[in-house]
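Structure data (CSV, N, CA and C atoms) from query.csv:
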```csv
chain,number,residue,atom,x,y,z
W,213,MET,N,0.8,-1.2,0.0
W,213,MET,CA,0.0,0.0,0.0
W,213,MET,C,0.9,1.2,0.0
W,214,GLN,N,0.6,2.2,-0.8
W,214,GLN,CA,1.4,3.4,-0.9
W,214,GLN,C,0.8,4.5,-0.1
W,215,GLU,N,1.6,5.1,0.7
W,215,GLU,CA,1.2,6.2,1.6
W,215,GLU,C,1.9,7.5,1.2
W,216,LYS,N,1.2,8.6,1.4
W,216,LYS,CA,1.8,9.9,1.2
W,216,LYS,C,2.9,10.3,2.2
W,217,ASN,N,4.0,10.8,1.7
W,217,ASN,CA,5.0,11.3,2.5
W,217,ASN,C,5.4,12.7,1.9
W,218,THR,N,6.3,13.4,2.6
W,218,THR,CA,6.7,14.7,2.0
W,218,THR,C,7.9,14.4,1.0
W,219,LYS,N,8.1,15.2,0.0
W,219,LYS,CA,9.1,15.0,-1.0
W,219,LYS,C,10.5,14.8,-0.4
W,220,ASN,N,10.9,15.6,0.6
W,220,ASN,CA,12.2,15.4,1.3
W,220,ASN,C,12.3,14.0,2.0
W,221,GLU,N,11.2,13.6,2.6
W,221,GLU,CA,11.2,12.3,3.3
W,221,GLU,C,11.4,11.2,2.3
W,222,ILE,N,10.8,11.3,1.2
W,222,ILE,CA,10.9,10.2,0.1
W,222,ILE,C,12.4,10.1,-0.3
W,223,TYR,N,13.0,11.2,-0.6
W,223,TYR,CA,14.4,11.2,-1.0
W,223,TYR,C,15.3,10.7,0.1
W,224,PHE,N,15.1,11.1,1.3
W,224,PHE,CA,15.9,10.6,2.4
W,224,PHE,C,15.7,9.1,2.6
W,225,ILE,N,14.5,8.6,2.6
W,225,ILE,CA,14.2,7.2,2.7
W,225,ILE,C,14.8,6.4,1.6
W,226,ILE,N,14.7,6.9,0.4
W,226,ILE,CA,15.3,6.2,-0.7
W,226,ILE,C,16.9,6.1,-0.6
W,227,ASP,N,17.4,7.2,-0.1
W,227,ASP,CA,18.9,7.3,0.1
W,227,ASP,C,19.3,6.3,1.2
W,228,ARG,N,18.5,6.2,2.3
W,228,ARG,CA,18.8,5.2,3.3
W,228,ARG,C,18.7,3.8,2.8
W,229,LEU,N,17.7,3.5,2.0
W,229,LEU,CA,17.5,2.2,1.4
W,229,LEU,C,18.7,1.9,0.5
W,230,LYS,N,19.2,2.8,-0.3
W,230,LYS,CA,20.4,2.6,-1.1
W,230,LYS,C,21.6,2.3,-0.2
W,231,SER,N,21.7,3.0,0.9
W,231,SER,CA,22.8,2.7,1.9
W,231,SER,C,22.7,1.3,2.4
W,232,TYR,N,21.5,0.9,2.8
W,232,TYR,CA,21.2,-0.4,3.4
W,232,TYR,C,21.6,-1.5,2.4
W,233,PHE,N,21.2,-1.4,1.1
W,233,PHE,CA,21.4,-2.4,0.1
W,233,PHE,C,22.8,-2.2,-0.6
W,234,GLN,N,23.5,-1.2,-0.2
W,234,GLN,CA,24.8,-0.9,-0.7
W,234,GLN,C,24.8,-0.7,-2.2
W,235,VAL,N,23.9,0.1,-2.7
W,235,VAL,CA,23.8,0.4,-4.1
W,235,VAL,C,23.9,1.9,-4.3
W,236,ASN,N,24.2,2.3,-5.6
W,236,ASN,CA,24.5,3.7,-5.9
W,236,ASN,C,23.4,4.4,-6.6
W,237,ASN,N,22.4,3.7,-7.2
W,237,ASN,CA,21.4,4.4,-8.0
W,237,ASN,C,20.1,3.7,-7.9
W,238,ASP,N,19.0,4.4,-8.5
W,238,ASP,CA,17.7,4.0,-8.4
W,238,ASP,C,17.5,2.6,-9.1
W,239,TYR,N,18.2,2.4,-10.2
W,239,TYR,CA,18.1,1.1,-11.0
W,239,TYR,C,18.5,0.0,-10.1
W,240,GLN,N,19.6,0.1,-9.4
W,240,GLN,CA,20.1,-1.0,-8.5
W,240,GLN,C,19.2,-1.2,-7.3
W,241,LEU,N,18.7,-0.1,-6.8
W,241,LEU,CA,17.7,-0.2,-5.7
W,241,LEU,C,16.5,-0.9,-6.1
W,242,ALA,N,16.0,-0.6,-7.3
W,242,ALA,CA,14.8,-1.2,-7.8
W,242,ALA,C,15.0,-2.7,-8.0
W,243,TYR,N,16.2,-3.1,-8.5
W,243,TYR,CA,16.5,-4.5,-8.6
W,243,TYR,C,16.5,-5.2,-7.2
W,244,LYS,N,17.1,-4.6,-6.2
W,244,LYS,CA,17.1,-5.2,-4.9
W,244,LYS,C,15.7,-5.3,-4.3
W,245,LEU,N,14.8,-4.4,-4.6
W,245,LEU,CA,13.5,-4.4,-4.1
W,245,LEU,C,12.5,-5.3,-4.9
W,246,GLY,N,13.0,-5.7,-6.1
W,246,GLY,CA,12.2,-6.5,-7.0
W,246,GLY,C,11.1,-5.7,-7.7
W,247,VAL,N,11.4,-4.4,-8.0
W,247,VAL,CA,10.5,-3.6,-8.8
W,247,VAL,C,11.2,-3.0,-10.0
W,248,LYS,N,10.4,-2.4,-10.8
W,248,LYS,CA,11.0,-1.7,-12.0
W,248,LYS,C,11.5,-0.3,-11.6
W,249,GLN,N,12.5,0.2,-12.3
W,249,GLN,CA,13.1,1.5,-12.0
W,249,GLN,C,12.1,2.6,-11.9
W,250,ASN,N,11.1,2.5,-12.9
W,250,ASN,CA,10.1,3.6,-12.9
W,250,ASN,C,9.2,3.6,-11.6
W,251,THR,N,9.2,2.5,-10.9
W,251,THR,CA,8.5,2.5,-9.6
W,251,THR,C,9.2,3.4,-8.6
W,252,ILE,N,10.5,3.4,-8.6
W,252,ILE,CA,11.2,4.3,-7.7
W,252,ILE,C,11.0,5.8,-8.2
W,253,SER,N,11.1,6.0,-9.5
W,253,SER,CA,10.8,7.3,-10.0
W,253,SER,C,9.4,7.8,-9.7
W,254,GLY,N,8.4,6.9,-9.8
W,254,GLY,CA,7.1,7.2,-9.4
W,254,GLY,C,6.9,7.6,-8.0
W,255,TRP,N,7.6,6.9,-7.1
W,255,TRP,CA,7.5,7.2,-5.7
W,255,TRP,C,8.0,8.7,-5.5
W,256,LYS,N,9.1,9.0,-6.1
W,256,LYS,CA,9.6,10.4,-6.0
W,256,LYS,C,8.6,11.4,-6.5
W,257,LYS,N,8.1,11.1,-7.7
W,257,LYS,CA,7.2,12.0,-8.4
W,257,LYS,C,5.9,12.2,-7.6
W,258,ARG,N,5.3,11.1,-7.0
W,258,ARG,CA,4.0,11.2,-6.4
W,258,ARG,C,4.2,11.4,-4.9
W,259,ASP,N,5.4,11.4,-4.3
W,259,ASP,CA,5.6,11.5,-2.9
W,259,ASP,C,5.0,10.4,-2.1
W,260,THR,N,5.1,9.2,-2.7
W,260,THR,CA,4.5,8.0,-2.0
W,260,THR,C,5.6,6.9,-1.9
W,261,LEU,N,5.3,5.9,-1.1
W,261,LEU,CA,6.1,4.8,-0.9
W,261,LEU,C,5.3,3.6,-0.8
W,262,ASP,N,5.8,2.4,-1.1
W,262,ASP,CA,5.1,1.2,-0.8
W,262,ASP,C,5.8,0.6,0.5
W,263,HIS,N,5.2,1.1,1.6
W,263,HIS,CA,5.8,0.7,2.9
W,263,HIS,C,5.9,-0.8,3.1
W,264,ALA,N,4.8,-1.5,2.7
W,264,ALA,CA,4.7,-2.9,2.9
W,264,ALA,C,5.8,-3.6,2.1
W,265,LEU,N,6.1,-3.2,0.9
W,265,LEU,CA,7.1,-3.8,0.1
W,265,LEU,C,8.5,-3.6,0.8
W,266,ILE,N,8.7,-2.3,1.2
W,266,ILE,CA,10.0,-2.0,1.8
W,266,ILE,C,10.2,-2.9,3.1
W,267,ILE,N,9.2,-3.0,3.9
W,267,ILE,CA,9.3,-3.8,5.1
W,267,ILE,C,9.6,-5.2,4.8
W,268,SER,N,8.9,-5.7,3.7
W,268,SER,CA,9.1,-7.1,3.4
W,268,SER,C,10.5,-7.5,2.9
W,269,LYS,N,11.1,-6.5,2.3
W,269,LYS,CA,12.5,-6.7,1.7
W,269,LYS,C,13.6,-6.4,2.6
W,270,CYS,N,13.3,-5.7,3.7
W,270,CYS,CA,14.4,-5.3,4.7
W,270,CYS,C,14.1,-6.0,6.0
W,271,LYS,N,14.6,-7.2,6.0
W,271,LYS,CA,14.3,-8.1,7.2
W,271,LYS,C,15.0,-7.7,8.5
W,272,ASP,N,16.2,-7.3,8.5
W,272,ASP,CA,16.9,-7.0,9.7
W,272,ASP,C,17.2,-5.6,9.9
W,273,ILE,N,16.4,-4.7,9.2
W,273,ILE,CA,16.7,-3.3,9.3
W,273,ILE,C,15.8,-2.6,10.4
W,274,ASN,N,16.3,-1.6,10.9
W,274,ASN,CA,15.6,-0.8,11.9
W,274,ASN,C,14.7,0.1,11.1
W,275,LEU,N,13.4,-0.1,11.2
W,275,LEU,CA,12.4,0.7,10.5
W,275,LEU,C,12.4,2.1,10.9
W,276,ASN,N,12.7,2.4,12.2
W,276,ASN,CA,12.8,3.8,12.6
W,276,ASN,C,13.9,4.5,11.8
W,277,TRP,N,15.0,3.7,11.6
W,277,TRP,CA,16.1,4.3,10.8
W,277,TRP,C,15.7,4.6,9.4
W,278,VAL,N,15.0,3.6,8.7
W,278,VAL,CA,14.6,3.8,7.3
W,278,VAL,C,13.6,4.9,7.2
W,279,PHE,N,12.5,4.9,8.0
W,279,PHE,CA,11.5,5.9,7.7
W,279,PHE,C,11.6,7.2,8.5
W,280,LEU,N,12.3,7.2,9.6
W,280,LEU,CA,12.5,8.4,10.4
W,280,LEU,C,13.9,8.9,10.5
W,281,GLY,N,14.9,8.1,10.2
W,281,GLY,CA,16.3,8.5,10.2
W,281,GLY,C,16.8,8.5,11.7
W,282,THR,N,16.2,7.7,12.6
W,282,THR,CA,16.6,7.7,13.9
W,282,THR,C,17.1,6.3,14.3
W,283,GLY,N,18.1,6.2,15.2
W,283,GLY,CA,18.7,4.9,15.6
W,283,GLY,C,19.7,4.4,14.6
W,284,ASP,N,20.1,3.1,14.9
W,284,ASP,CA,21.1,2.4,14.0
W,284,ASP,C,20.4,1.8,12.8
W,285,MET,N,21.1,1.6,11.8
W,285,MET,CA,20.6,1.0,10.6
W,285,MET,C,20.1,-0.5,10.9
W,286,ILE,N,20.9,-1.3,11.5
W,286,ILE,CA,20.6,-2.6,11.8
W,286,ILE,C,20.4,-2.8,13.3
W,287,TYR,N,19.4,-3.6,13.7
W,287,TYR,CA,19.3,-3.9,15.1
W,287,TYR,C,20.4,-4.7,15.7
W,288,LYS,N,20.9,-4.3,16.8
W,288,LYS,CA,22.0,-5.0,17.5
W,288,LYS,C,21.5,-6.3,18.1
W,289,ASP,N,20.2,-6.3,18.5
W,289,ASP,CA,19.6,-7.4,19.2
W,289,ASP,C,18.2,-7.5,18.7
W,290,VAL,N,17.6,-8.7,18.6
W,290,VAL,CA,16.3,-8.8,18.1
W,290,VAL,C,15.3,-8.2,19.0
W,291,SER,N,15.5,-8.2,20.3
W,291,SER,CA,14.6,-7.5,21.2
W,291,SER,C,14.5,-6.0,21.0
W,292,GLU,N,15.5,-5.4,20.4
W,292,GLU,CA,15.5,-4.0,20.2
W,292,GLU,C,14.5,-3.6,19.1
W,293,SER,N,14.1,-4.6,18.3
W,293,SER,CA,13.2,-4.3,17.2
W,293,SER,C,11.9,-3.8,17.6
W,294,TYR,N,11.5,-3.9,18.9
W,294,TYR,CA,10.3,-3.4,19.4
W,294,TYR,C,10.4,-2.1,20.2
W,295,ILE,N,11.6,-1.6,20.3
W,295,ILE,CA,11.7,-0.3,21.0
W,295,ILE,C,11.1,0.8,20.1
W,296,ASN,N,10.4,1.7,20.8
W,296,ASN,CA,9.7,2.8,20.1
W,296,ASN,C,8.6,2.3,19.2
W,297,LYS,N,8.0,1.2,19.4
W,297,LYS,CA,6.9,0.7,18.6
W,297,LYS,C,5.7,0.4,19.6
W,298,ASP,N,4.5,0.3,19.0
W,298,ASP,CA,3.4,0.0,19.8
W,298,ASP,C,3.1,-1.5,19.8
W,299,LEU,N,3.9,-2.3,19.1
W,299,LEU,CA,3.7,-3.7,19.1
W,299,LEU,C,4.4,-4.4,20.2
W,300,PRO,N,3.8,-5.4,20.8
W,300,PRO,CA,4.4,-6.2,21.8
W,300,PRO,C,5.5,-7.1,21.2
W,301,PRO,N,6.5,-7.4,22.1
W,301,PRO,CA,7.5,-8.3,21.5
W,301,PRO,C,6.9,-9.7,21.2
W,302,GLY,N,7.5,-10.4,20.3
W,302,GLY,CA,7.1,-11.7,19.8
W,302,GLY,C,6.8,-11.7,18.4
W,303,PRO,N,6.6,-12.9,17.8
W,303,PRO,CA,6.3,-13.0,16.4
W,303,PRO,C,5.0,-12.4,16.0
W,304,CYS,N,4.9,-11.9,14.8
W,304,CYS,CA,3.7,-11.4,14.3
W,304,CYS,C,2.7,-12.5,14.0
W,305,GLN,N,1.5,-12.1,13.7
W,305,GLN,CA,0.4,-13.1,13.5
W,305,GLN,C,0.7,-14.0,12.3
W,306,GLU,N,1.2,-13.4,11.2
W,306,GLU,CA,1.6,-14.1,10.0
W,306,GLU,C,2.7,-15.2,10.3
W,307,CYS,N,3.7,-14.7,11.1
W,307,CYS,CA,4.7,-15.7,11.5
W,307,CYS,C,4.2,-16.8,12.3
W,308,LYS,N,3.3,-16.5,13.2
W,308,LYS,CA,2.6,-17.6,14.0
W,308,LYS,C,1.9,-18.6,13.1
W,309,SER,N,1.2,-18.0,12.1
W,309,SER,CA,0.5,-18.9,11.2
W,309,SER,C,1.4,-19.8,10.4
W,310,ARG,N,2.5,-19.2,10.0
W,310,ARG,CA,3.5,-20.0,9.2
W,310,ARG,C,4.1,-21.1,10.1
W,311,GLU,N,4.4,-20.7,11.4
W,311,GLU,CA,4.9,-21.7,12.3
W,311,GLU,C,4.0,-22.9,12.5
W,312,LYS,N,2.7,-22.6,12.6
W,312,LYS,CA,1.7,-23.6,12.8
W,312,LYS,C,1.7,-24.6,11.6
W,313,VAL,N,1.8,-24.0,10.4
W,313,VAL,CA,1.8,-24.8,9.1
W,313,VAL,C,3.1,-25.7,9.1
W,314,LEU,N,4.2,-25.1,9.5
W,314,LEU,CA,5.4,-25.9,9.5
W,314,LEU,C,5.4,-27.0,10.5
W,315,ASN,N,4.8,-26.7,11.7
W,315,ASN,CA,4.7,-27.7,12.7
W,315,ASN,C,3.8,-28.8,12.2
W,316,ALA,N,2.7,-28.5,11.6
W,316,ALA,CA,1.7,-29.5,11.1
W,316,ALA,C,2.4,-30.3,10.0
W,317,GLN,N,3.2,-29.7,9.1
W,317,GLN,CA,3.9,-30.4,8.1
W,317,GLN,C,4.9,-31.4,8.7
W,318,ALA,N,5.6,-30.9,9.8
W,318,ALA,CA,6.6,-31.8,10.5
W,318,ALA,C,5.9,-33.0,11.1
W,319,ASP,N,4.7,-32.8,11.7
W,319,ASP,CA,3.9,-33.9,12.3
W,319,ASP,C,3.5,-34.8,11.2
W,320,THR,N,3.1,-34.3,10.0
W,320,THR,CA,2.7,-35.2,8.9
W,320,THR,C,3.8,-36.0,8.4
W,321,ILE,N,5.0,-35.4,8.3
W,321,ILE,CA,6.2,-36.2,7.9
W,321,ILE,C,6.5,-37.3,8.9
W,322,ALA,N,6.4,-37.0,10.1
W,322,ALA,CA,6.7,-38.0,11.2
W,322,ALA,C,5.7,-39.1,11.1
W,323,ALA,N,4.4,-38.8,10.9
W,323,ALA,CA,3.4,-39.8,10.8
W,323,ALA,C,3.6,-40.7,9.5
W,324,LEU,N,4.0,-40.0,8.4
W,324,LEU,CA,4.3,-40.8,7.2
W,324,LEU,C,5.5,-41.7,7.4
W,325,LYS,N,6.5,-41.3,8.1
W,325,LYS,CA,7.6,-42.1,8.3
W,325,LYS,C,7.2,-43.4,9.1
W,326,LYS,N,6.4,-43.1,10.2
W,326,LYS,CA,5.9,-44.3,11.0
W,326,LYS,C,5.1,-45.2,10.1
W,327,THR,N,4.3,-44.7,9.3
W,327,THR,CA,3.4,-45.5,8.4
W,327,THR,C,4.3,-46.3,7.4
W,328,ASN,N,5.3,-45.7,6.9
W,328,ASN,CA,6.3,-46.3,6.0
W,328,ASN,C,7.0,-47.5,6.7
W,329,GLU,N,7.5,-47.2,7.9
W,329,GLU,CA,8.1,-48.2,8.7
W,329,GLU,C,7.2,-49.4,9.0
W,330,LEU,N,6.0,-49.1,9.3
W,330,LEU,CA,5.0,-50.2,9.5
W,330,LEU,C,4.8,-51.0,8.3
W,331,LEU,N,4.6,-50.3,7.2
W,331,LEU,CA,4.4,-51.0,5.9
W,331,LEU,C,5.6,-51.9,5.5
W,332,GLU,N,6.8,-51.3,5.8
W,332,GLU,CA,8.0,-52.1,5.5
W,332,GLU,C,8.1,-53.4,6.3
W,333,SER,N,7.6,-53.2,7.6
W,333,SER,CA,7.7,-54.4,8.5
W,333,SER,C,6.7,-55.5,8.1
W,334,LEU,N,5.6,-55.1,7.4
W,334,LEU,CA,4.6,-56.0,6.9
W,334,LEU,C,4.9,-56.6,5.5
W,335,SER,N,5.8,-55.9,4.8
W,335,SER,CA,6.0,-56.3,3.4
W,335,SER,C,6.7,-57.6,3.3
W,336,TYR,N,6.6,-58.2,2.2
W,336,TYR,CA,7.3,-59.5,1.9
W,336,TYR,C,8.7,-59.2,1.4
W,337,ASN,N,9.6,-60.1,1.7
W,337,ASN,CA,10.9,-60.1,1.2
W,337,ASN,C,10.8,-61.0,-0.1
W,338,TYR,N,10.6,-60.3,-1.2
W,338,TYR,CA,10.3,-61.0,-2.4
W,338,TYR,C,11.5,-61.9,-2.9
W,339,SER,N,12.7,-61.5,-2.6
W,339,SER,CA,13.8,-62.3,-3.0
W,339,SER,C,13.8,-63.6,-2.3
W,340,GLU,N,13.3,-63.7,-1.0
W,340,GLU,CA,13.3,-64.9,-0.3
W,340,GLU,C,11.9,-65.6,-0.2
W,341,GLY,N,10.9,-64.8,-0.7
W,341,GLY,CA,9.5,-65.3,-0.7
W,341,GLY,C,8.9,-65.5,0.6
W,342,GLN,N,9.2,-64.7,1.6
W,342,GLN,CA,8.7,-64.8,2.9
W,342,GLN,C,8.5,-63.4,3.6
W,343,LYS,N,7.7,-63.4,4.6
W,343,LYS,CA,7.5,-62.1,5.4
W,343,LYS,C,8.8,-61.9,6.2
W,344,ARG,N,9.2,-60.6,6.2
W,344,ARG,CA,10.4,-60.3,7.0
W,344,ARG,C,10.1,-60.3,8.5
W,345,LYS,N,8.9,-59.8,8.9
W,345,LYS,CA,8.6,-59.6,10.3
W,345,LYS,C,7.1,-59.7,10.5
W,346,ASN,N,6.7,-60.2,11.6
W,346,ASN,CA,5.3,-60.2,12.0
W,346,ASN,C,5.1,-59.0,13.0
W,347,VAL,N,3.9,-58.4,12.8
W,347,VAL,CA,3.6,-57.3,13.8
W,347,VAL,C,2.5,-57.8,14.7
W,348,GLY,N,2.6,-57.5,15.9
W,348,GLY,CA,1.5,-57.9,16.8
W,348,GLY,C,1.9,-58.6,18.0
```
Show me this structure written as structure tokens.
Amino acid sequence: MQEKNTKNEIYFIIDRLKSYFQVNNDYQLAYKLGVKQNTISGWKKRDTLDHALIISKCKDINLNWVFLGTGDMIYKDVSESYINKDLPPGPCQECKSREKVLNAQADTIAALKKTNELLESLSYNYSEGQKRKNVG
């Protein structure tokens, strides 16, 4: 979502992003952000930014530094990421959802492994024409 900023803020934010990504021009910054160069030009022209895009591409960056120019560029400690914010410490809702999915997938894999082991224990050893093992 693009939000209005003042023209000076836009240029300062873009300059800080260039510093973060260690690039020298709008073209290189656009590449790092995964957008076309005219997107950066459009931000400057319309005094807008795609804050969600910037946040998604800058994982370990201090957002206060990017958008306000305060603090260090990179957080020294993960717990510092919540300083001067209204958010409580801890993972965001999307992260929690992803974690639940990953845990469910891990449980499914474990169950499939157990099922595979059980099926292998019941299978015939065709080279010898006999069951390998009885269950029960």
Straight-line distance linking CA of Arg310 in chain W with CA of Asp284 in chain W, stated in Å to one decimal
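Between CA of Arg310 in chain W and CA of Asp284 in chain W the gap is 28.9 Å.
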Residues near range 223-239 of chain W, cut-off 8 Å, only C-alpha atoms, skip fewer than 6 positions along chain, as a list of chain:residue names
W:Lys248, W:Gln249, W:Ile252, W:Ser253, W:Lys256, W:Ile273, W:Val278, W:Phe279, W:Leu280, W:Gly281, W:Met285
One-decimal distance in Å that lies between CA of Asn276 in chain W and CA of Lys257 in chain W:
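Answer for the CA of Lys257 in chain W to CA of Asn276 in chain W separation: 23.2 Å.
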Separation of atom N of Asn274 in chain W from CA of Gly246 in chain W, in Å and rounded to one decimal:
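Interatomic distance, atom N of Asn274 in chain W to CA of Gly246 in chain W: 19.0 Å.
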Considering all atoms listed in the file, state which residue in the set W:Asp259, W:Asn250, W:Leu314, W:Ile286 is at the smallest distance from Asp272 in chain W.
W:Ile286
5 Å per side around range 275-284 of chain W: axis-aligned box centre and edge lengths, as AutoDock Vina command-line options:
```
--center_x 16.3 --center_y 4.4 --center_z 11.4 --size_x 19.6 --size_y 19.0 --size_z 18.4
```
